[in-house]
$ cat model13.csv   # CSV, C-alpha atoms
chain,number,residue,atom,x,y,z
A,187,MET,CA,-53.2,-172.3,5.9
A,188,GLN,CA,-56.9,-171.6,6.2
A,189,ARG,CA,-59.6,-171.7,3.5
A,190,SER,CA,-60.0,-167.9,3.8
A,191,ASP,CA,-56.3,-167.4,3.1
A,192,ILE,CA,-56.8,-169.1,-0.3
A,193,LEU,CA,-60.2,-167.4,-1.1
A,194,HIS,CA,-58.8,-163.9,-0.4
A,195,ASN,CA,-55.7,-164.3,-2.5
A,196,SER,CA,-55.7,-162.3,-5.7
A,197,ARG,CA,-52.7,-164.3,-7.1
A,198,LEU,CA,-54.6,-167.5,-6.7
A,199,ALA,CA,-57.7,-166.0,-8.3
A,200,GLY,CA,-55.8,-165.7,-11.6
A,201,MET,CA,-55.0,-169.4,-11.4
A,202,THR,CA,-58.7,-170.4,-11.3
A,203,LEU,CA,-59.6,-172.7,-14.2
A,204,ARG,CA,-62.3,-171.7,-16.7
A,205,TYR,CA,-64.5,-174.3,-18.5
A,206,HIS,CA,-64.1,-176.7,-15.6
A,207,THR,CA,-67.6,-178.2,-16.4
A,208,TRP,CA,-66.9,-178.6,-20.2
A,209,PRO,CA,-64.5,-181.0,-21.9
A,210,VAL,CA,-61.6,-178.9,-23.3
A,211,LEU,CA,-58.1,-179.7,-24.5
A,212,GLN,CA,-56.6,-176.4,-23.3
A,213,ARG,CA,-56.5,-175.4,-19.7
A,214,GLN,CA,-57.4,-171.7,-19.5
A,215,THR,CA,-57.0,-169.7,-16.3
A,216,VAL,CA,-58.8,-166.5,-15.4
A,217,ALA,CA,-55.5,-164.7,-15.9
A,218,ASP,CA,-55.2,-166.1,-19.5
A,219,HIS,CA,-58.8,-165.0,-20.2
A,220,SER,CA,-58.3,-161.6,-18.7
A,221,HIS,CA,-55.1,-161.0,-20.7
A,222,HIS,CA,-56.8,-162.0,-24.0
A,223,CYS,CA,-59.8,-159.7,-23.2
A,224,ALA,CA,-57.5,-156.8,-22.7
A,225,ARG,CA,-55.5,-157.7,-25.8
A,226,ILE,CA,-58.7,-157.8,-27.9
A,227,TYR,CA,-59.9,-154.5,-26.5
A,228,TRP,CA,-56.6,-152.9,-27.5
A,229,GLU,CA,-56.8,-154.5,-31.0
A,230,LEU,CA,-60.3,-153.1,-31.4
A,231,PHE,CA,-60.4,-149.8,-29.7
A,232,GLY,CA,-56.7,-148.9,-28.9
A,233,PRO,CA,-55.2,-148.2,-25.5
A,234,LEU,CA,-57.4,-149.2,-22.6
A,235,PRO,CA,-58.8,-146.5,-20.4
A,236,PRO,CA,-57.9,-147.1,-16.7
A,237,GLN,CA,-61.4,-148.2,-15.7
A,238,VAL,CA,-61.4,-150.8,-18.6
A,239,SER,CA,-58.0,-152.2,-17.7
A,240,THR,CA,-59.1,-152.4,-14.0
A,241,HIS,CA,-62.3,-154.1,-15.1
A,242,PHE,CA,-60.4,-156.8,-17.1
A,243,ILE,CA,-57.9,-157.4,-14.3
A,244,TRP,CA,-60.7,-158.1,-11.8
A,245,HIS,CA,-63.8,-159.1,-13.8
A,246,ASP,CA,-63.5,-162.8,-13.2
A,247,ALA,CA,-61.3,-162.9,-10.1
A,248,GLY,CA,-64.4,-163.7,-8.0
A,249,GLU,CA,-64.5,-167.1,-9.7
A,250,LEU,CA,-61.9,-168.3,-7.2
A,251,VAL,CA,-64.8,-168.3,-4.7
A,252,LEU,CA,-67.8,-169.1,-7.0
A,253,GLY,CA,-66.2,-171.1,-9.9
A,254,ASP,CA,-66.8,-170.5,-13.6
A,255,LEU,CA,-70.4,-171.1,-14.3
A,256,PRO,CA,-71.0,-172.6,-17.8
A,257,PHE,CA,-72.0,-170.1,-20.4
A,258,PRO,CA,-74.8,-168.8,-20.5
A,259,VAL,CA,-76.2,-170.0,-17.2
A,260,LYS,CA,-76.3,-166.5,-15.7
A,261,ALA,CA,-77.7,-165.0,-18.8
A,262,ARG,CA,-80.7,-167.4,-18.7
A,263,ASN,CA,-81.3,-167.0,-15.0
A,264,PRO,CA,-81.4,-163.3,-14.0
A,265,ALA,CA,-82.1,-164.1,-10.3
A,266,LEU,CA,-79.1,-166.4,-10.2
A,267,LYS,CA,-76.9,-163.8,-11.9
A,268,ALA,CA,-77.8,-161.2,-9.3
A,269,ILE,CA,-76.8,-163.6,-6.5
A,270,CYS,CA,-73.6,-164.7,-8.3
A,271,ASP,CA,-72.6,-161.1,-9.1
A,272,LYS,CA,-73.0,-160.1,-5.4
A,273,ILE,CA,-70.8,-163.1,-4.3
A,274,GLU,CA,-68.2,-162.3,-7.0
A,275,ILE,CA,-68.1,-158.6,-6.1
A,276,SER,CA,-67.7,-159.4,-2.4
A,277,ALA,CA,-64.9,-161.9,-3.2
A,278,VAL,CA,-63.0,-159.4,-5.3
A,279,GLN,CA,-63.3,-156.8,-2.5
A,280,GLU,CA,-62.1,-159.3,0.1
A,281,MET,CA,-59.0,-159.8,-2.1
A,282,GLY,CA,-58.4,-156.1,-2.0
A,283,GLY,CA,-59.5,-155.5,-5.6
A,284,PRO,CA,-61.9,-152.8,-6.7
A,285,TYR,CA,-65.4,-153.3,-8.0
A,286,VAL,CA,-65.6,-151.3,-11.3
A,287,GLU,CA,-69.1,-150.6,-12.8
A,288,LEU,CA,-68.3,-149.6,-16.4
A,289,GLU,CA,-70.4,-147.0,-18.1
A,290,GLU,CA,-71.4,-147.1,-21.7
A,291,PRO,CA,-69.9,-147.5,-24.2
A,292,TYR,CA,-67.1,-149.2,-22.2
A,293,LYS,CA,-69.5,-151.7,-20.6
A,294,THR,CA,-70.7,-153.1,-24.0
A,295,GLN,CA,-67.3,-152.9,-25.6
A,296,ALA,CA,-65.8,-154.9,-22.7
A,297,LYS,CA,-68.5,-157.5,-22.9
A,298,CYS,CA,-68.0,-157.9,-26.6
A,299,CYS,CA,-64.3,-158.4,-26.0
A,300,ASP,CA,-65.2,-161.1,-23.4
A,301,PHE,CA,-67.4,-162.9,-25.9
A,302,ILE,CA,-64.8,-162.6,-28.7
A,303,GLU,CA,-62.2,-164.1,-26.4
A,304,MET,CA,-64.6,-167.0,-25.7
A,305,LEU,CA,-65.2,-167.4,-29.4
A,306,GLN,CA,-61.5,-167.4,-30.2
A,307,PHE,CA,-61.0,-170.0,-27.4
A,308,GLY,CA,-63.7,-172.2,-28.9
A,309,ILE,CA,-62.3,-171.9,-32.4
A,310,VAL,CA,-58.8,-172.9,-31.3
A,311,GLU,CA,-60.3,-175.8,-29.3
A,312,LYS,CA,-62.1,-177.0,-32.5
A,313,GLN,CA,-58.9,-176.6,-34.5
A,314,LEU,CA,-57.1,-178.7,-32.0
A,315,GLY,CA,-59.6,-181.4,-32.5
A,316,ASN,CA,-62.1,-180.9,-29.7
A,317,LYS,CA,-65.4,-182.2,-31.1
A,318,PHE,CA,-67.2,-180.6,-28.1
A,319,ALA,CA,-66.2,-177.1,-29.1
A,320,GLN,CA,-69.0,-176.3,-31.5
A,321,PRO,CA,-71.6,-175.5,-28.9
A,322,ILE,CA,-69.2,-172.9,-27.4
A,323,ILE,CA,-68.7,-171.3,-30.9
A,324,ASP,CA,-72.4,-171.4,-31.7
A,325,ASP,CA,-73.6,-170.0,-28.4
A,326,ILE,CA,-71.1,-167.2,-28.3
A,327,ARG,CA,-71.7,-166.2,-32.0
A,328,LYS,CA,-75.4,-165.8,-31.3
A,329,SER,CA,-74.8,-163.8,-28.1
A,330,LEU,CA,-72.2,-161.6,-29.8
A,331,VAL,CA,-74.5,-160.7,-32.6
A,332,ILE,CA,-77.2,-159.6,-30.2
A,333,LEU,CA,-74.6,-157.6,-28.1
A,334,VAL,CA,-73.0,-155.9,-31.1
A,335,GLY,CA,-76.4,-154.7,-32.2
A,336,GLN,CA,-76.4,-152.5,-29.1
A,337,LEU,CA,-73.3,-150.6,-30.2
A,338,PRO,CA,-73.0,-147.6,-32.5
A,339,THR,CA,-72.8,-148.6,-36.2
A,340,THR,CA,-69.1,-147.7,-36.4
A,341,ASP,CA,-68.2,-149.9,-33.4
A,342,ALA,CA,-70.4,-152.7,-34.7
A,343,GLU,CA,-68.9,-152.7,-38.2
A,344,HIS,CA,-65.4,-152.6,-36.7
A,345,ILE,CA,-66.2,-155.6,-34.5
A,346,HIS,CA,-67.8,-157.5,-37.3
A,347,LYS,CA,-64.6,-157.0,-39.5
A,348,TYR,CA,-62.3,-157.9,-36.6
A,349,VAL,CA,-64.2,-161.1,-35.8
A,350,PHE,CA,-64.4,-162.1,-39.5
A,351,ASN,CA,-60.7,-161.5,-40.0
A,352,THR,CA,-59.6,-163.3,-36.8
A,353,THR,CA,-61.8,-166.3,-37.2
A,354,LEU,CA,-60.6,-166.7,-40.8
A,355,ALA,CA,-57.0,-166.6,-39.4
A,356,PHE,CA,-58.0,-169.6,-37.3
A,357,GLY,CA,-59.5,-171.3,-40.4
A,358,GLU,CA,-63.1,-170.8,-39.2
A,359,PRO,CA,-65.6,-169.2,-41.7

$ encode --input "model13.csv" --output "structure tokens"
Amino acid sequence: MQRSDILHNSRLAGMTLRYHTWPVLQRQTVADHSHHCARIYWELFGPLPPQVSTHFIWHDAGELVLGDLPFPVKARNPALKAICDKIEISAVQEMGGPYVELEEPYKTQAKCCDFIEMLQFGIVEKQLGNKFAQPIIDDIRKSLVILVGQLPTTDAEHIHKYVFNTTLAFGEP
């Protein structure tokens, strides 16, 4: 087996570990994360349009090649983000997956779901006793507030209510 056989395998892309540079108790794969992003979208907005479901299936598959950069490395480094995005898009295409550029409002809705999934992951980590989870929770909350501010008021209110109710369910104020 050659390296390219591994790096072009969409099945193995789903097995890529997230948070590999941060001390966590749970091991989360790209497939786990993608499932939860789709679940959250469905809980917030109803059935996923085809372009959104396709986005969630493939949005982090390129991490098989690049790895999962710590949040928010790309957000703080636009030049690095552009390079990483190009590498990830190419990796997904080499696996046979499509590159989907979501249009608004789907793009912001999907990113909110991505952030909510990371927030839920961080809260569960904290509840399991991970003392290193608080920075994940704090960083994501700040970023989510900014992102939600870009949505129409009805979507923003719906997301605020959802996040409030789900974080309370995990015992997090």

$ atom_distance --input "model13.csv" --atom1 "atom CA of Tyr348 of chain A" --atom2 "atom CA of Glu290 of chain A"
20.5 Å

$ closest_atom_pairs --input "model13.csv" --of "segment 240-309 of chain A" --to "segment 200-208 of chain A" --cutoff "9 Å" --atoms "all atoms listed in the file" --output "CSV"
residue,atom,partner,partner_atom,distance
A:Ile243,CA,A:Gly200,CA,9.0
A:Asp246,CA,A:Gly200,CA,8.4
A:Ala247,CA,A:Gly200,CA,6.4
A:Glu249,CA,A:Thr202,CA,6.9
A:Leu250,CA,A:Thr202,CA,5.6
A:Gly253,CA,A:Thr202,CA,7.7
A:Asp254,CA,A:Arg204,CA,5.6
A:Leu255,CA,A:Thr207,CA,7.9
A:Pro256,CA,A:Thr207,CA,6.7
A:Phe257,CA,A:Tyr205,CA,8.8

$ residues_around --input "model13.csv" --residues "Val286 of chain A" --least-positions-apart "4" --cutoff "9 Å" --atoms "all atoms listed in the file" --output "count of residues only"
6

$ atom_distance --input "model13.csv" --atom1 "atom CA of Glu358 of chain A" --atom2 "atom CA of Ile309 of chain A"
6.9 Å

$ closest_residue --input "model13.csv" --among "A:Asp271, A:Thr339, A:Gly282, A:Gln214" --to "Ser196 of chain A" --atoms "all atoms listed in the file"
A:Gly282

$ atom_distance --input "model13.csv" --atom1 "atom CA of Val216 of chain A" --atom2 "atom CA of Met304 of chain A"
11.8 Å
